[in-house]
Amino acid sequence: MISFCCAVINKNLDDYLAILTDTLCRHTKLVKEAIFVQTDVRRDKILRSWSKNGIEFKLIGLKPFEQPCPHDLAWQQMICNHAAGLYQAMKQAQGEYLWL
């Protein structure tokens, strides 16, 4: 059905994921998969996966770019890494539709 895709950084990640996971479980019926990409880790791999209320959740790590961004770190995390994280989530998605 629908794959929910989201790019996040580590700051307050556990609280954010708990609220978002609960919201998806309580207020959606067609979401069957949620992919979160953490954009501030040093490796590309699945960091954690779990199921709740019929939704498969995955937290995936995304290593930084090889070439440094010409802008400061805050800009790189908000713009460059966010786009790269969403792209990574879209590549992993199995659903017929994507929700970004």
# chains A, B, ... in the order shown; residues from 1 in each chain; ligands from 1

$ select_by_dssp --residues "chain A" --states "strand (DSSP E or B)" --output "PyMOL selection string"
chain A and resi 2-8+31-38+45-52+55-61+97-99

$ residues_around --residues "Ser49 of chain A" --least-positions-apart "5" --cutoff "12 Å" --atoms "only C-alpha atoms" --output "short mmCIF file (atom, residue, chain, number, x, y, z; two decimals) with all heavy atoms, in the first residue's frame"
data_model
loop_
_atom_site.label_atom_id
_atom_site.label_comp_id
_atom_site.auth_asym_id
_atom_site.auth_seq_id
_atom_site.Cartn_x
_atom_site.Cartn_y
_atom_site.Cartn_z
N GLU A 33 4.34 0.44 5.82
CA GLU A 33 5.78 0.49 6.02
C GLU A 33 6.18 1.94 6.31
O GLU A 33 5.65 2.87 5.71
CB GLU A 33 6.44 0.00 4.72
CG GLU A 33 7.90 0.21 4.61
CD GLU A 33 8.44 -0.24 3.27
OE1 GLU A 33 7.95 0.23 2.22
OE2 GLU A 33 9.34 -1.07 3.28
N ALA A 34 7.10 2.11 7.23
CA ALA A 34 7.65 3.44 7.53
C ALA A 34 9.17 3.32 7.57
O ALA A 34 9.72 2.48 8.28
CB ALA A 34 7.12 3.97 8.86
N ILE A 35 9.82 4.14 6.77
CA ILE A 35 11.28 4.11 6.67
C ILE A 35 11.82 5.46 7.13
O ILE A 35 11.47 6.50 6.57
CB ILE A 35 11.73 3.82 5.23
CG1 ILE A 35 11.15 2.50 4.76
CG2 ILE A 35 13.25 3.83 5.14
CD1 ILE A 35 11.29 2.26 3.29
N PHE A 36 12.65 5.41 8.16
CA PHE A 36 13.30 6.60 8.69
C PHE A 36 14.78 6.49 8.36
O PHE A 36 15.39 5.45 8.62
CB PHE A 36 13.12 6.71 10.20
CG PHE A 36 11.68 6.60 10.64
CD1 PHE A 36 11.22 5.45 11.25
CD2 PHE A 36 10.80 7.64 10.44
CE1 PHE A 36 9.90 5.34 11.66
CE2 PHE A 36 9.48 7.54 10.83
CZ PHE A 36 9.02 6.39 11.45
N VAL A 37 15.36 7.54 7.81
CA VAL A 37 16.78 7.53 7.50
C VAL A 37 17.47 8.54 8.40
O VAL A 37 17.15 9.73 8.38
CB VAL A 37 17.04 7.87 6.02
CG1 VAL A 37 18.54 7.88 5.73
CG2 VAL A 37 16.35 6.86 5.12
N ILE A 55 2.29 -2.29 10.89
CA ILE A 55 3.22 -1.44 10.14
C ILE A 55 4.64 -1.91 10.43
O ILE A 55 5.02 -2.11 11.58
CB ILE A 55 3.07 0.05 10.52
CG1 ILE A 55 1.65 0.54 10.24
CG2 ILE A 55 4.08 0.91 9.75
CD1 ILE A 55 1.38 1.97 10.69
N GLU A 56 5.42 -2.09 9.37
CA GLU A 56 6.84 -2.44 9.49
C GLU A 56 7.64 -1.14 9.53
O GLU A 56 7.55 -0.32 8.61
CB GLU A 56 7.29 -3.29 8.31
CG GLU A 56 6.60 -4.63 8.22
CD GLU A 56 6.95 -5.53 9.38
OE1 GLU A 56 8.11 -5.52 9.81
OE2 GLU A 56 6.04 -6.24 9.85
N PHE A 57 8.44 -0.96 10.58
CA PHE A 57 9.26 0.24 10.74
C PHE A 57 10.73 -0.12 10.55
O PHE A 57 11.17 -1.19 10.98
CB PHE A 57 9.07 0.83 12.14
CG PHE A 57 7.70 1.38 12.37
CD1 PHE A 57 6.71 0.59 12.92
CD2 PHE A 57 7.39 2.69 12.04
CE1 PHE A 57 5.44 1.08 13.14
CE2 PHE A 57 6.13 3.19 12.26
CZ PHE A 57 5.14 2.39 12.80
N LYS A 58 11.47 0.77 9.87
CA LYS A 58 12.90 0.59 9.67
C LYS A 58 13.61 1.92 9.92
O LYS A 58 13.17 2.96 9.41
CB LYS A 58 13.20 0.19 8.23
CG LYS A 58 13.40 -1.25 8.00
CD LYS A 58 14.02 -1.49 6.64
CE LYS A 58 12.94 -1.86 5.66
NZ LYS A 58 13.44 -2.25 4.36
N LEU A 59 14.69 1.88 10.68
CA LEU A 59 15.57 3.03 10.87
C LEU A 59 16.88 2.69 10.18
O LEU A 59 17.55 1.72 10.55
CB LEU A 59 15.80 3.32 12.35
CG LEU A 59 16.78 4.45 12.68
CD1 LEU A 59 16.30 5.78 12.11
CD2 LEU A 59 16.98 4.55 14.18
N ILE A 60 17.23 3.47 9.16
CA ILE A 60 18.41 3.19 8.34
C ILE A 60 19.43 4.31 8.53
O ILE A 60 19.07 5.49 8.54
CB ILE A 60 18.01 3.10 6.85
CG1 ILE A 60 16.99 1.99 6.65
CG2 ILE A 60 19.23 2.90 5.97
CD1 ILE A 60 16.37 1.97 5.27
N GLY A 61 20.69 3.95 8.66
CA GLY A 61 21.76 4.93 8.75
C GLY A 61 22.24 5.34 7.37
O GLY A 61 22.20 4.55 6.43
#

$ select_by_dssp --residues "segment 5-82 of chain A" --states "alpha helix (DSSP H)" --output "ChimeraX atom specification"
/A:13-27,73-75,81-82

$ write_last_selection --atoms "N, CA, C and O atoms" --output "CSV table (one decimal), in the first residue's frame"
chain,number,residue,atom,x,y,z
A,13,LEU,N,16.0,12.1,18.7
A,13,LEU,CA,15.4,11.1,17.7
A,13,LEU,C,14.5,10.1,18.4
A,13,LEU,O,13.4,9.9,17.9
A,14,ASP,N,14.8,9.7,19.6
A,14,ASP,CA,13.9,8.7,20.2
A,14,ASP,C,12.6,9.2,20.6
A,14,ASP,O,11.6,8.6,20.3
A,15,ASP,N,12.5,10.4,21.1
A,15,ASP,CA,11.2,11.1,21.4
A,15,ASP,C,10.4,11.3,20.1
A,15,ASP,O,9.2,11.0,20.0
A,16,TYR,N,11.1,11.8,19.1
A,16,TYR,CA,10.4,12.0,17.8
A,16,TYR,C,9.9,10.7,17.2
A,16,TYR,O,8.7,10.7,16.8
A,17,LEU,N,10.7,9.7,17.2
A,17,LEU,CA,10.2,8.4,16.6
A,17,LEU,C,9.1,7.8,17.4
A,17,LEU,O,8.1,7.2,16.8
A,18,ALA,N,9.1,7.9,18.7
A,18,ALA,CA,8.0,7.4,19.5
A,18,ALA,C,6.7,8.1,19.2
A,18,ALA,O,5.6,7.4,19.0
A,19,ILE,N,6.7,9.4,19.1
A,19,ILE,CA,5.5,10.2,18.7
A,19,ILE,C,5.0,9.9,17.3
A,19,ILE,O,3.8,9.6,17.1
A,20,LEU,N,5.9,9.9,16.4
A,20,LEU,CA,5.6,9.6,15.0
A,20,LEU,C,5.1,8.2,14.8
A,20,LEU,O,4.1,8.0,14.1
A,21,THR,N,5.7,7.2,15.4
A,21,THR,CA,5.3,5.8,15.3
A,21,THR,C,3.9,5.7,15.9
A,21,THR,O,3.0,5.1,15.2
A,22,ASP,N,3.6,6.3,17.0
A,22,ASP,CA,2.3,6.2,17.6
A,22,ASP,C,1.2,6.9,16.7
A,22,ASP,O,0.1,6.3,16.5
A,23,THR,N,1.6,8.0,16.2
A,23,THR,CA,0.7,8.7,15.3
A,23,THR,C,0.3,7.9,14.0
A,23,THR,O,-0.9,7.8,13.7
A,24,LEU,N,1.3,7.3,13.4
A,24,LEU,CA,1.1,6.5,12.2
A,24,LEU,C,0.2,5.3,12.6
A,24,LEU,O,-0.7,5.0,11.8
A,25,CYS,N,0.4,4.7,13.7
A,25,CYS,CA,-0.3,3.5,14.1
A,25,CYS,C,-1.8,3.9,14.4
A,25,CYS,O,-2.7,3.1,14.1
A,26,ARG,N,-2.0,5.0,15.0
A,26,ARG,CA,-3.4,5.3,15.4
A,26,ARG,C,-4.2,6.0,14.4
A,26,ARG,O,-5.4,5.9,14.4
A,27,HIS,N,-3.6,6.7,13.4
A,27,HIS,CA,-4.3,7.6,12.5
A,27,HIS,C,-4.2,7.2,11.0
A,27,HIS,O,-4.7,7.9,10.2
A,73,LEU,N,28.0,23.3,8.3
A,73,LEU,CA,27.4,22.0,8.7
A,73,LEU,C,25.9,22.1,8.8
A,73,LEU,O,25.2,21.1,8.4
A,74,ALA,N,25.3,23.1,9.4
A,74,ALA,CA,23.9,23.2,9.7
A,74,ALA,C,23.2,23.2,8.3
A,74,ALA,O,22.1,22.5,8.2
A,75,TRP,N,23.7,23.9,7.4
A,75,TRP,CA,23.0,24.0,6.0
A,75,TRP,C,23.1,22.6,5.4
A,75,TRP,O,22.1,22.2,4.8
A,81,ASN,N,21.7,16.7,3.3
A,81,ASN,CA,21.4,15.4,4.0
A,81,ASN,C,20.0,15.0,4.0
A,81,ASN,O,19.6,13.9,3.9
A,82,HIS,N,19.1,16.0,4.1
A,82,HIS,CA,17.7,15.8,4.1
A,82,HIS,C,17.2,15.2,2.7
A,82,HIS,O,16.6,14.1,2.7

$ residues_around --residues "Cys5 of chain A" --least-positions-apart "2" --cutoff "10 Å" --atoms "only C-alpha atoms" --output "MDAnalysis selection string"
chainID A and resid 2:3 7 33:37 58 85:93 98:100

$ write_last_selection --atoms "C-alpha atoms" --output "JSON list (two decimals), in the first residue's frame"
[["chain", "number", "residue", "atom", "x", "y", "z"],
["A", 2, "ILE", "CA", 1.75, 3.18, 1.27],
["A", 3, "SER", "CA", 5.38, 3.54, 2.33],
["A", 7, "ALA", "CA", 14.82, 11.76, 6.86],
["A", 33, "GLU", "CA", 5.78, 0.49, 6.02],
["A", 34, "ALA", "CA", 7.65, 3.44, 7.53],
["A", 35, "ILE", "CA", 11.28, 4.11, 6.67],
["A", 36, "PHE", "CA", 13.30, 6.60, 8.69],
["A", 37, "VAL", "CA", 16.78, 7.53, 7.50],
["A", 58, "LYS", "CA", 12.90, 0.59, 9.67],
["A", 85, "GLY", "CA", 17.96, 10.75, 3.23],
["A", 86, "LEU", "CA", 14.63, 10.92, 1.43],
["A", 87, "TYR", "CA", 16.22, 9.47, -1.70],
["A", 88, "GLN", "CA", 17.66, 6.58, 0.34],
["A", 89, "ALA", "CA", 14.24, 5.93, 1.92],
["A", 90, "MET", "CA", 12.57, 5.93, -1.49],
["A", 91, "LYS", "CA", 15.07, 3.33, -2.76],
["A", 92, "GLN", "CA", 14.22, 1.06, 0.21],
["A", 93, "ALA", "CA", 10.44, 1.47, -0.05],
["A", 98, "LEU", "CA", 5.20, 6.91, -1.27],
["A", 99, "TRP", "CA", 4.37, 9.45, 1.41],
["A", 100, "LEU", "CA", 7.27, 11.86, 1.97]]

$ atom_distance --atom1 "atom CA of Asp72 of chain A" --atom2 "atom CA of Asp40 of chain A"
14.6 Å

$ atom_distance --atom1 "atom CA of Asn53 of chain A" --atom2 "atom CA of Leu30 of chain A"
11.6 Å

$ closest_residue --among "A:Ser51, A:Gln94, A:Gln38, A:Gln76" --to "Phe4 of chain A" --atoms "only C-alpha atoms"
A:Gln94

$ decode --residues "segment 20-35 of chain A" --atoms "N, CA, C and O atoms" --output "PDB file, in the first residue's frame"
ATOM      1  N   LEU A  20       5.938   9.872  16.377  1.00  0.00           N
ATOM      2  CA  LEU A  20       5.568   9.633  14.980  1.00  0.00           C
ATOM      3  C   LEU A  20       5.062   8.208  14.771  1.00  0.00           C
ATOM      4  O   LEU A  20       4.073   7.985  14.075  1.00  0.00           O
ATOM      5  N   THR A  21       5.717   7.232  15.398  1.00  0.00           N
ATOM      6  CA  THR A  21       5.276   5.843  15.303  1.00  0.00           C
ATOM      7  C   THR A  21       3.862   5.682  15.854  1.00  0.00           C
ATOM      8  O   THR A  21       2.997   5.062  15.226  1.00  0.00           O
ATOM      9  N   ASP A  22       3.613   6.263  17.006  1.00  0.00           N
ATOM     10  CA  ASP A  22       2.280   6.198  17.613  1.00  0.00           C
ATOM     11  C   ASP A  22       1.240   6.865  16.723  1.00  0.00           C
ATOM     12  O   ASP A  22       0.141   6.338  16.527  1.00  0.00           O
ATOM     13  N   THR A  23       1.581   8.011  16.160  1.00  0.00           N
ATOM     14  CA  THR A  23       0.653   8.738  15.287  1.00  0.00           C
ATOM     15  C   THR A  23       0.319   7.920  14.046  1.00  0.00           C
ATOM     16  O   THR A  23      -0.851   7.821  13.651  1.00  0.00           O
ATOM     17  N   LEU A  24       1.331   7.337  13.420  1.00  0.00           N
ATOM     18  CA  LEU A  24       1.083   6.512  12.229  1.00  0.00           C
ATOM     19  C   LEU A  24       0.202   5.312  12.561  1.00  0.00           C
ATOM     20  O   LEU A  24      -0.695   4.958  11.791  1.00  0.00           O
ATOM     21  N   CYS A  25       0.450   4.689  13.692  1.00  0.00           N
ATOM     22  CA  CYS A  25      -0.340   3.510  14.086  1.00  0.00           C
ATOM     23  C   CYS A  25      -1.794   3.865  14.398  1.00  0.00           C
ATOM     24  O   CYS A  25      -2.705   3.101  14.090  1.00  0.00           O
ATOM     25  N   ARG A  26      -2.009   4.997  15.031  1.00  0.00           N
ATOM     26  CA  ARG A  26      -3.369   5.349  15.447  1.00  0.00           C
ATOM     27  C   ARG A  26      -4.201   6.032  14.366  1.00  0.00           C
ATOM     28  O   ARG A  26      -5.423   5.921  14.379  1.00  0.00           O
ATOM     29  N   HIS A  27      -3.555   6.727  13.418  1.00  0.00           N
ATOM     30  CA  HIS A  27      -4.318   7.572  12.506  1.00  0.00           C
ATOM     31  C   HIS A  27      -4.209   7.194  11.032  1.00  0.00           C
ATOM     32  O   HIS A  27      -4.704   7.940  10.181  1.00  0.00           O
ATOM     33  N   THR A  28      -3.565   6.086  10.713  1.00  0.00           N
ATOM     34  CA  THR A  28      -3.498   5.670   9.312  1.00  0.00           C
ATOM     35  C   THR A  28      -3.984   4.237   9.176  1.00  0.00           C
ATOM     36  O   THR A  28      -3.875   3.446  10.104  1.00  0.00           O
ATOM     37  N   LYS A  29      -4.512   3.926   8.008  1.00  0.00           N
ATOM     38  CA  LYS A  29      -4.970   2.569   7.730  1.00  0.00           C
ATOM     39  C   LYS A  29      -4.258   1.952   6.540  1.00  0.00           C
ATOM     40  O   LYS A  29      -4.186   0.741   6.444  1.00  0.00           O
ATOM     41  N   LEU A  30      -3.721   2.787   5.647  1.00  0.00           N
ATOM     42  CA  LEU A  30      -3.112   2.276   4.427  1.00  0.00           C
ATOM     43  C   LEU A  30      -1.583   2.261   4.472  1.00  0.00           C
ATOM     44  O   LEU A  30      -0.955   1.753   3.551  1.00  0.00           O
ATOM     45  N   VAL A  31      -0.992   2.806   5.532  1.00  0.00           N
ATOM     46  CA  VAL A  31       0.465   2.770   5.668  1.00  0.00           C
ATOM     47  C   VAL A  31       0.862   1.390   6.180  1.00  0.00           C
ATOM     48  O   VAL A  31       0.385   0.939   7.210  1.00  0.00           O
ATOM     49  N   LYS A  32       1.706   0.708   5.422  1.00  0.00           N
ATOM     50  CA  LYS A  32       2.156  -0.632   5.800  1.00  0.00           C
ATOM     51  C   LYS A  32       3.647  -0.662   6.113  1.00  0.00           C
ATOM     52  O   LYS A  32       4.153  -1.659   6.609  1.00  0.00           O
ATOM     53  N   GLU A  33       4.340   0.444   5.825  1.00  0.00           N
ATOM     54  CA  GLU A  33       5.783   0.493   6.017  1.00  0.00           C
ATOM     55  C   GLU A  33       6.182   1.940   6.308  1.00  0.00           C
ATOM     56  O   GLU A  33       5.646   2.866   5.710  1.00  0.00           O
ATOM     57  N   ALA A  34       7.101   2.115   7.234  1.00  0.00           N
ATOM     58  CA  ALA A  34       7.647   3.445   7.535  1.00  0.00           C
ATOM     59  C   ALA A  34       9.168   3.322   7.570  1.00  0.00           C
ATOM     60  O   ALA A  34       9.716   2.485   8.277  1.00  0.00           O
ATOM     61  N   ILE A  35       9.819   4.145   6.769  1.00  0.00           N
ATOM     62  CA  ILE A  35      11.276   4.112   6.670  1.00  0.00           C
ATOM     63  C   ILE A  35      11.816   5.457   7.131  1.00  0.00           C
ATOM     64  O   ILE A  35      11.474   6.500   6.572  1.00  0.00           O
TER      65      ILE A  35
END
